[in-house]
Structures are given as structure tokens and as C-alpha cells.
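A.B. asks: First, the structure itself, so that you have it in front of you.
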Amino acid sequence: MVSRNMFGRALAAAGTVAALACCASASASAATGTVSSVAKLVPSAIKAKGTLTVAADASYAPDEFIGPNGKTVVGMDADLSAALGKVMGLKVTVANVGFDDIIPGMVAGRYMLGASSFTDTKAREKQVTFVDYANVGESFYTLASGGAKISGITGICGLTVSVEKGTTEEDDAQAQSTKCTKAGKKAVSVSVFPDQNQANLAVSSGHAQLGFADTPVASYQVKQSHGKFKLVGAAYAPAPYGIAIAKTTGLAPAIKAAMIYLINKGTYGAIFKKWGVQSIEIPASKVKIDGAIS
């Protein structure tokens, strides 16, 4: 995994301390333990193994990032993965994997799940199965002093935008660039980085005029920047987040049942509150298998 830069490491540590200090009573492990009605849906081979291997790109705070000890993956998705495993009666191990390598690694059989702020798209559904668990838009951020001024994605023509490789934001920024040139405007200069920390650093150092990330992540960077960043323009293209599941595992029904249980039990809400991402929650009735809208 690409090493974390100093700026990203400081944000991660500050975020972890702040989240745990303000919300110590909101336990990410509020699930009571194995739930028989859910555990019976776990395929026998996985049940016998007893372990659920999960991949996450730990540069996307507050959803997934490296904790204060410098090695443990923490965040909303890490807590949610642990809670899902507990309900299914499985031990969860989370591996820190570059975002662009997660789905190929799942297809190759190295990981059972990808819990890494994946937007459920029809293109990704061809490779993995998703259980949708949140509704998330995309947002731009810029320097608070002297940063870019836009009203939305149509205003990024001619600007330099930093994104993480393999993300929906990379695709959307490139698509907007094509629209810009077709309209006779300057193309978007899309700067693609191996992880979100480096994309953030490009904005803080002035090498990119805008950062583009999922709304909770962009908002978190702004909060942790101590006034260096600000959100700019309208949020774009709300879409479902999904837990990615290797198609060969047969785990989708169990993950869906576990997610619905966690929502109804209140564990899901406690996790999202702990990390300050309540705005992306969905009700149990909206949990779907492969619910991509585009």
C-alpha cells in the first residue's frame, strides 16, 4: 500500500481523536452477537473457515483510514464490517488495499468483501455483487483563501481537479471534461492520485484548484483542515454506497440480512453518528442487492 503523507496522517489522527472523544458512548460493537436467522444464510464453507476478509483503501476518512497506532484501519466502514461479521458469527480482518486494486483482488479471490465507500454502479456490478447501505453524493472542496469559485460541476471547465484513482469522481470529472470541450470550453485537467491523501495534498499545496470526493469525505477534509479548505458548489449525483461482495462467495443474502438487522437494532445508526455521517443513512427498506442507478 502506498505510504500515507504527513498531511493525511495528521488529518486521520485528529479525526480519530475527535470522533472517539465526542462519541465514546456510541459503540461500534453494539450488536449483541451472532444472530441465528442471519448466520444460517452464511455459506457453509465460509462458516467453517470462520473469517471474513475485507479490503479497504485506508485513505478516505472518515469512512476508512489508518488509526493512531499507524496500522489499524478505522472508520465508518471498518466499524460496519466488524458489526456485520459479529451478527453473522464471523471474525473480520480488514486489509489496507489501494482502491483501484480492491475489485481485481476480489475477483482473484484474495478478499471476500470490499468495504471502501464503493458507489454501486452497473459497470462494477459486472465484477462484484453489492449490498447497498447508504446514499451519497459527490462534492468539491478548495482553498478557503483564494480558491476556485464554482456553482457546481458544470463550472469546472478549464480548472485542475484532484481525484483518487479508480473512483466515481475520476469518471465524472473526465466525463465533464468531454462536455466542456464539446461546448467549446477548456478541458478539465484531471489530476489522478493513488490515494485520497495525495489528492488532498494537491489542493493544500496549490497544485490543484479543486478536490473532488464523496460528500462525507470532502466535508471531513474541510473540518479537519483548520480553515484551510472549504466546500464549494452544489453536491453532485447522489448514488448508493454498497458493500462489494465477491460473486463466488454467495454472501450477498447474509450481508443484506445482517445490514437490515443492524439498522433495526440501532447499531448502524450508532456507527454513522460516531463518525458524523448521519446524512447518508438509509432505512432498512432501502437496503438492496445490486441497486445501481447508473
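Chain lettering (A, B, ...) mirrors the order of the C-alpha cells, residue numbering begins at 1 for each chain separately, and ligand numbering begins at 1 in order of display.
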Just want the 10 Å neighbourhood of Ala187 of chain A, counted on only C-alpha atoms, with same-chain residues fewer than 5 positions away dropped. Output as a PyMOL selection string.
C.D. replies: chain A and resi 156-160+173-174+176-182
A.B. asks: Distance table requested - segment 113-161 of chain A against segment 224-231 of chain A, cut-off 7 Å, only C-alpha atoms: one row per qualifying residue with the closest atom pair and its distance in Å to one decimal, ordered by chain and rising residue number, as CSV.
C.D. replies:
residue,atom,partner,partner_atom,distance
A:Phe140,CA,A:Leu231,CA,5.9
A:Tyr141,CA,A:Leu231,CA,4.2
A:Thr142,CA,A:Phe229,CA,5.4
A:Leu143,CA,A:Phe229,CA,4.5
A:Ala144,CA,A:Phe229,CA,4.7
A.B. asks: Let's have the selection written as a PDB file, in the first residue's frame, with all heavy atoms.
C.D. replies:
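Result went into again38.pdb, see below:
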ATOM      1  N   PHE A 140     -17.135  19.127  -4.132  1.00  0.00           N
ATOM      2  CA  PHE A 140     -15.854  19.775  -4.409  1.00  0.00           C
ATOM      3  C   PHE A 140     -15.408  20.566  -3.184  1.00  0.00           C
ATOM      4  O   PHE A 140     -16.228  21.111  -2.438  1.00  0.00           O
ATOM      5  CB  PHE A 140     -15.988  20.742  -5.584  1.00  0.00           C
ATOM      6  CG  PHE A 140     -16.308  20.079  -6.891  1.00  0.00           C
ATOM      7  CD1 PHE A 140     -17.616  20.000  -7.344  1.00  0.00           C
ATOM      8  CD2 PHE A 140     -15.298  19.533  -7.672  1.00  0.00           C
ATOM      9  CE1 PHE A 140     -17.914  19.384  -8.546  1.00  0.00           C
ATOM     10  CE2 PHE A 140     -15.586  18.922  -8.880  1.00  0.00           C
ATOM     11  CZ  PHE A 140     -16.898  18.850  -9.322  1.00  0.00           C
ATOM     12  N   TYR A 141     -14.101  20.638  -2.985  1.00  0.00           N
ATOM     13  CA  TYR A 141     -13.534  21.495  -1.956  1.00  0.00           C
ATOM     14  C   TYR A 141     -12.333  22.220  -2.545  1.00  0.00           C
ATOM     15  O   TYR A 141     -11.710  21.766  -3.507  1.00  0.00           O
ATOM     16  CB  TYR A 141     -13.159  20.695  -0.698  1.00  0.00           C
ATOM     17  CG  TYR A 141     -12.210  19.541  -0.932  1.00  0.00           C
ATOM     18  CD1 TYR A 141     -10.852  19.652  -0.645  1.00  0.00           C
ATOM     19  CD2 TYR A 141     -12.680  18.324  -1.439  1.00  0.00           C
ATOM     20  CE1 TYR A 141      -9.987  18.599  -0.858  1.00  0.00           C
ATOM     21  CE2 TYR A 141     -11.817  17.260  -1.653  1.00  0.00           C
ATOM     22  CZ  TYR A 141     -10.469  17.409  -1.367  1.00  0.00           C
ATOM     23  OH  TYR A 141      -9.615  16.362  -1.591  1.00  0.00           O
ATOM     24  N   THR A 142     -12.023  23.363  -1.950  1.00  0.00           N
ATOM     25  CA  THR A 142     -10.970  24.214  -2.477  1.00  0.00           C
ATOM     26  C   THR A 142     -10.318  24.963  -1.323  1.00  0.00           C
ATOM     27  O   THR A 142     -10.756  24.855  -0.173  1.00  0.00           O
ATOM     28  CB  THR A 142     -11.548  25.194  -3.521  1.00  0.00           C
ATOM     29  OG1 THR A 142     -10.489  25.886  -4.179  1.00  0.00           O
ATOM     30  CG2 THR A 142     -12.488  26.202  -2.865  1.00  0.00           C
ATOM     31  N   LEU A 143      -9.277  25.727  -1.615  1.00  0.00           N
ATOM     32  CA  LEU A 143      -8.651  26.534  -0.581  1.00  0.00           C
ATOM     33  C   LEU A 143      -9.631  27.607  -0.108  1.00  0.00           C
ATOM     34  O   LEU A 143     -10.299  28.253  -0.915  1.00  0.00           O
ATOM     35  CB  LEU A 143      -7.379  27.193  -1.115  1.00  0.00           C
ATOM     36  CG  LEU A 143      -6.202  26.255  -1.411  1.00  0.00           C
ATOM     37  CD1 LEU A 143      -5.057  27.052  -2.036  1.00  0.00           C
ATOM     38  CD2 LEU A 143      -5.726  25.547  -0.141  1.00  0.00           C
ATOM     39  N   ALA A 144      -9.709  27.788   1.192  1.00  0.00           N
ATOM     40  CA  ALA A 144     -10.631  28.773   1.754  1.00  0.00           C
ATOM     41  C   ALA A 144     -10.239  30.189   1.344  1.00  0.00           C
ATOM     42  O   ALA A 144     -11.086  31.063   1.195  1.00  0.00           O
ATOM     43  CB  ALA A 144     -10.676  28.652   3.271  1.00  0.00           C
TER      44      ALA A 144
END
A.B. asks: Going by DSSP on the backbone, which residues of segment 68-290 of chain A come out as alpha helix (DSSP H)? List them as a PyMOL selection string.
C.D. replies: chain A and resi 76-88+99-107+122-125+168-182+196-204+215-224+252-265+267-274
A.B. asks: Where in segment 67-223 of chain A does DSSP assign strand (DSSP E), given as a ChimeraX atom specification?
C.D. replies: /A:73-74,91-96,113-114,128-143,160-164,189-193,210-214
A.B. asks: Could you save those same residues with N, CA and C atoms as a short mmCIF file (atom, residue, chain, number, x, y, z; two decimals), in the first residue's frame?
C.D. replies:
data_model
loop_
_atom_site.label_atom_id
_atom_site.label_comp_id
_atom_site.auth_asym_id
_atom_site.auth_seq_id
_atom_site.Cartn_x
_atom_site.Cartn_y
_atom_site.Cartn_z
N VAL A 73 -6.93 -0.20 10.47
CA VAL A 73 -7.92 0.52 9.66
C VAL A 73 -9.13 0.83 10.55
N VAL A 74 -9.48 2.09 10.63
CA VAL A 74 -10.63 2.52 11.43
C VAL A 74 -11.59 3.30 10.52
N LYS A 91 -15.32 -13.79 12.30
CA LYS A 91 -14.26 -12.85 12.65
C LYS A 91 -13.89 -12.07 11.40
N VAL A 92 -13.70 -10.76 11.55
CA VAL A 92 -13.40 -9.89 10.41
C VAL A 92 -11.96 -9.42 10.45
N THR A 93 -11.27 -9.55 9.34
CA THR A 93 -9.94 -8.96 9.19
C THR A 93 -10.00 -7.96 8.04
N VAL A 94 -9.51 -6.74 8.28
CA VAL A 94 -9.55 -5.68 7.28
C VAL A 94 -8.15 -5.42 6.76
N ALA A 95 -7.98 -5.54 5.45
CA ALA A 95 -6.69 -5.29 4.81
C ALA A 95 -6.69 -3.92 4.15
N ASN A 96 -5.59 -3.20 4.28
CA ASN A 96 -5.43 -1.88 3.67
C ASN A 96 -4.94 -2.08 2.23
N LEU A 113 -14.89 -9.38 0.77
CA LEU A 113 -15.67 -8.14 0.72
C LEU A 113 -14.77 -6.95 0.43
N GLY A 114 -15.38 -5.91 -0.14
CA GLY A 114 -14.75 -4.61 -0.26
C GLY A 114 -15.63 -3.61 0.46
N VAL A 128 -18.56 -7.63 -9.32
CA VAL A 128 -18.88 -7.99 -7.94
C VAL A 128 -20.35 -7.73 -7.68
N THR A 129 -20.84 -8.27 -6.57
CA THR A 129 -22.20 -8.02 -6.12
C THR A 129 -22.16 -6.97 -5.02
N PHE A 130 -23.20 -6.13 -4.95
CA PHE A 130 -23.26 -5.11 -3.92
C PHE A 130 -24.48 -5.28 -3.03
N VAL A 131 -24.31 -4.95 -1.76
CA VAL A 131 -25.45 -4.72 -0.87
C VAL A 131 -25.39 -3.24 -0.50
N ASP A 132 -26.40 -2.51 -0.95
CA ASP A 132 -26.40 -1.05 -0.77
C ASP A 132 -26.80 -0.68 0.66
N TYR A 133 -26.07 0.32 1.23
CA TYR A 133 -26.28 0.63 2.64
C TYR A 133 -26.27 2.13 2.95
N ALA A 134 -26.13 2.98 1.95
CA ALA A 134 -26.12 4.44 2.19
C ALA A 134 -26.42 5.15 0.87
N ASN A 135 -26.70 6.44 0.96
CA ASN A 135 -26.96 7.25 -0.23
C ASN A 135 -26.05 8.47 -0.16
N VAL A 136 -25.15 8.60 -1.14
CA VAL A 136 -24.05 9.56 -1.03
C VAL A 136 -23.86 10.34 -2.33
N GLY A 137 -23.67 11.65 -2.19
CA GLY A 137 -23.34 12.48 -3.34
C GLY A 137 -21.84 12.75 -3.40
N GLU A 138 -21.44 13.59 -4.34
CA GLU A 138 -20.04 13.97 -4.52
C GLU A 138 -19.92 15.48 -4.35
N SER A 139 -18.80 15.94 -3.77
CA SER A 139 -18.64 17.37 -3.51
C SER A 139 -17.23 17.83 -3.85
N PHE A 140 -17.14 19.13 -4.13
CA PHE A 140 -15.85 19.78 -4.41
C PHE A 140 -15.41 20.57 -3.18
N TYR A 141 -14.10 20.64 -2.99
CA TYR A 141 -13.53 21.50 -1.96
C TYR A 141 -12.33 22.22 -2.54
N THR A 142 -12.02 23.36 -1.95
CA THR A 142 -10.97 24.21 -2.48
C THR A 142 -10.32 24.96 -1.32
N LEU A 143 -9.28 25.73 -1.62
CA LEU A 143 -8.65 26.53 -0.58
C LEU A 143 -9.63 27.61 -0.11
N THR A 160 -8.09 22.65 -12.68
CA THR A 160 -7.39 21.43 -12.31
C THR A 160 -8.10 20.81 -11.11
N VAL A 161 -8.50 19.56 -11.25
CA VAL A 161 -9.27 18.86 -10.23
C VAL A 161 -8.52 17.60 -9.80
N SER A 162 -8.31 17.44 -8.50
CA SER A 162 -7.62 16.25 -8.00
C SER A 162 -8.64 15.21 -7.55
N VAL A 163 -8.36 13.94 -7.93
CA VAL A 163 -9.24 12.82 -7.58
C VAL A 163 -8.39 11.61 -7.25
N GLU A 164 -9.00 10.65 -6.56
CA GLU A 164 -8.32 9.37 -6.32
C GLU A 164 -8.57 8.43 -7.48
N SER A 189 -8.53 19.66 -16.32
CA SER A 189 -7.27 18.97 -16.08
C SER A 189 -7.48 18.07 -14.86
N VAL A 190 -7.66 16.78 -15.11
CA VAL A 190 -7.96 15.84 -14.04
C VAL A 190 -6.65 15.23 -13.54
N SER A 191 -6.28 15.57 -12.31
CA SER A 191 -5.07 15.02 -11.69
C SER A 191 -5.45 13.82 -10.85
N VAL A 192 -4.95 12.65 -11.24
CA VAL A 192 -5.33 11.40 -10.61
C VAL A 192 -4.21 10.91 -9.69
N PHE A 193 -4.58 10.56 -8.44
CA PHE A 193 -3.59 10.16 -7.44
C PHE A 193 -3.90 8.76 -6.91
N LEU A 210 -9.17 22.35 -7.26
CA LEU A 210 -10.31 21.72 -6.61
C LEU A 210 -9.97 20.28 -6.24
N GLY A 211 -10.53 19.82 -5.13
CA GLY A 211 -10.55 18.41 -4.80
C GLY A 211 -11.97 17.92 -5.03
N PHE A 212 -12.11 16.65 -5.40
CA PHE A 212 -13.42 16.09 -5.72
C PHE A 212 -13.51 14.72 -5.06
N ALA A 213 -14.46 14.57 -4.12
CA ALA A 213 -14.58 13.32 -3.36
C ALA A 213 -16.03 13.13 -2.94
N ASP A 214 -16.34 11.97 -2.41
CA ASP A 214 -17.67 11.75 -1.87
C ASP A 214 -17.96 12.79 -0.80
#
A.B. asks: Name the residues in contact with Ala257 of chain A at a cut-off of 9 Å, using only C-alpha atoms, excluding same-chain residues fewer than 4 positions from it; report them as a VMD selection string.
C.D. replies: chain A and resid 37 to 38 41 252 to 253 261 to 262
A.B. asks: Using only C-alpha atoms, can you tell me which of A:Ala237, A:Ala208, A:Ala218, A:Ala148 comes closest to Thr168 of chain A?
C.D. replies: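 So, comparing all the options, the nearest one is A:Ala237.
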A.B. asks: With only C-alpha atoms as the counted atoms, please give the residues lying no more than 9 Å from segment 52-58 of chain A, apart from itself and same-chain residues fewer than 4 positions off, as a VMD selection string.
C.D. replies: chain A and resid 1 46 63 to 66 73 to 75 77 to 78 81 85 90 to 100 102 to 103 105 to 106 110 to 117 195 to 196
A.B. asks: How many Å separate atom CA of Gly33 of chain A from atom CA of Lys49 of chain A?
C.D. replies: 17.9 Å
A.B. asks: Might you pull out every residue within 8 Å of Leu80 of chain A, with only C-alpha atoms counted and same-chain residues fewer than 2 positions away left off, and present them as a PDB file with N, CA, C and O atoms, in the first residue's frame?
C.D. replies:
ATOM      1  N   ALA A  28     -19.416   1.004  18.350  1.00  0.00           N
ATOM      2  CA  ALA A  28     -19.498   0.402  17.026  1.00  0.00           C
ATOM      3  C   ALA A  28     -19.788  -1.084  17.128  1.00  0.00           C
ATOM      4  O   ALA A  28     -20.061  -1.739  16.144  1.00  0.00           O
ATOM      5  N   MET A  76     -15.962   4.486   9.538  1.00  0.00           N
ATOM      6  CA  MET A  76     -17.337   4.012   9.415  1.00  0.00           C
ATOM      7  C   MET A  76     -17.410   2.615   8.811  1.00  0.00           C
ATOM      8  O   MET A  76     -18.074   1.722   9.340  1.00  0.00           O
ATOM      9  N   ASP A  77     -16.738   2.407   7.684  1.00  0.00           N
ATOM     10  CA  ASP A  77     -16.829   1.109   7.013  1.00  0.00           C
ATOM     11  C   ASP A  77     -16.157   0.000   7.816  1.00  0.00           C
ATOM     12  O   ASP A  77     -16.617  -1.145   7.804  1.00  0.00           O
ATOM     13  N   ALA A  78     -15.073   0.320   8.511  1.00  0.00           N
ATOM     14  CA  ALA A  78     -14.408  -0.685   9.342  1.00  0.00           C
ATOM     15  C   ALA A  78     -15.313  -1.124  10.487  1.00  0.00           C
ATOM     16  O   ALA A  78     -15.429  -2.324  10.790  1.00  0.00           O
ATOM     17  N   ALA A  82     -17.075  -4.893  11.009  1.00  0.00           N
ATOM     18  CA  ALA A  82     -16.963  -5.658  12.251  1.00  0.00           C
ATOM     19  C   ALA A  82     -18.336  -6.056  12.783  1.00  0.00           C
ATOM     20  O   ALA A  82     -18.541  -7.178  13.246  1.00  0.00           O
ATOM     21  N   ALA A  83     -19.287  -5.114  12.705  1.00  0.00           N
ATOM     22  CA  ALA A  83     -20.636  -5.389  13.191  1.00  0.00           C
ATOM     23  C   ALA A  83     -21.335  -6.425  12.318  1.00  0.00           C
ATOM     24  O   ALA A  83     -22.031  -7.311  12.826  1.00  0.00           O
ATOM     25  N   LEU A  84     -21.151  -6.345  11.016  1.00  0.00           N
ATOM     26  CA  LEU A  84     -21.729  -7.346  10.113  1.00  0.00           C
ATOM     27  C   LEU A  84     -21.171  -8.730  10.429  1.00  0.00           C
ATOM     28  O   LEU A  84     -21.908  -9.718  10.490  1.00  0.00           O
ATOM     29  N   TYR A 268     -26.290   0.298  13.377  1.00  0.00           N
ATOM     30  CA  TYR A 268     -25.969   1.062  12.168  1.00  0.00           C
ATOM     31  C   TYR A 268     -25.998   2.568  12.452  1.00  0.00           C
ATOM     32  O   TYR A 268     -25.059   3.299  12.148  1.00  0.00           O
ATOM     33  N   ILE A 271     -23.073   3.741  14.618  1.00  0.00           N
ATOM     34  CA  ILE A 271     -21.823   3.823  13.868  1.00  0.00           C
ATOM     35  C   ILE A 271     -21.783   5.095  13.025  1.00  0.00           C
ATOM     36  O   ILE A 271     -20.786   5.829  13.023  1.00  0.00           O
TER      37      ILE A 271
END
A.B. asks: Between atom CA of Val107 of chain A and atom CA of Ala246 of chain A, measure the distance and give it in Å to one decimal.
C.D. replies: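 So the answer is 6.3 Å.
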A.B. asks: So which one's closest to Ala45 of chain A, A:Pro283, A:Lys256, A:Thr249, A:Gly276? Using only C-alpha atoms, please.
C.D. replies: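 Smallest distance to Ala45 of chain A is found for A:Thr249.
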A.B. asks: Could you check how far atom CA of Ala175 of chain A sits from atom CA of Lys126 of chain A, in Å to one decimal?
C.D. replies: 20.8 Å
A.B. asks: With distances taken over only C-alpha atoms, which residue among A:Gly206, A:Gly155, A:Pro240, A:Gly67 lies nearest Lys185 of chain A?
C.D. replies: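 Of the candidates, the smallest distance to Lys185 of chain A is held by A:Gly155.
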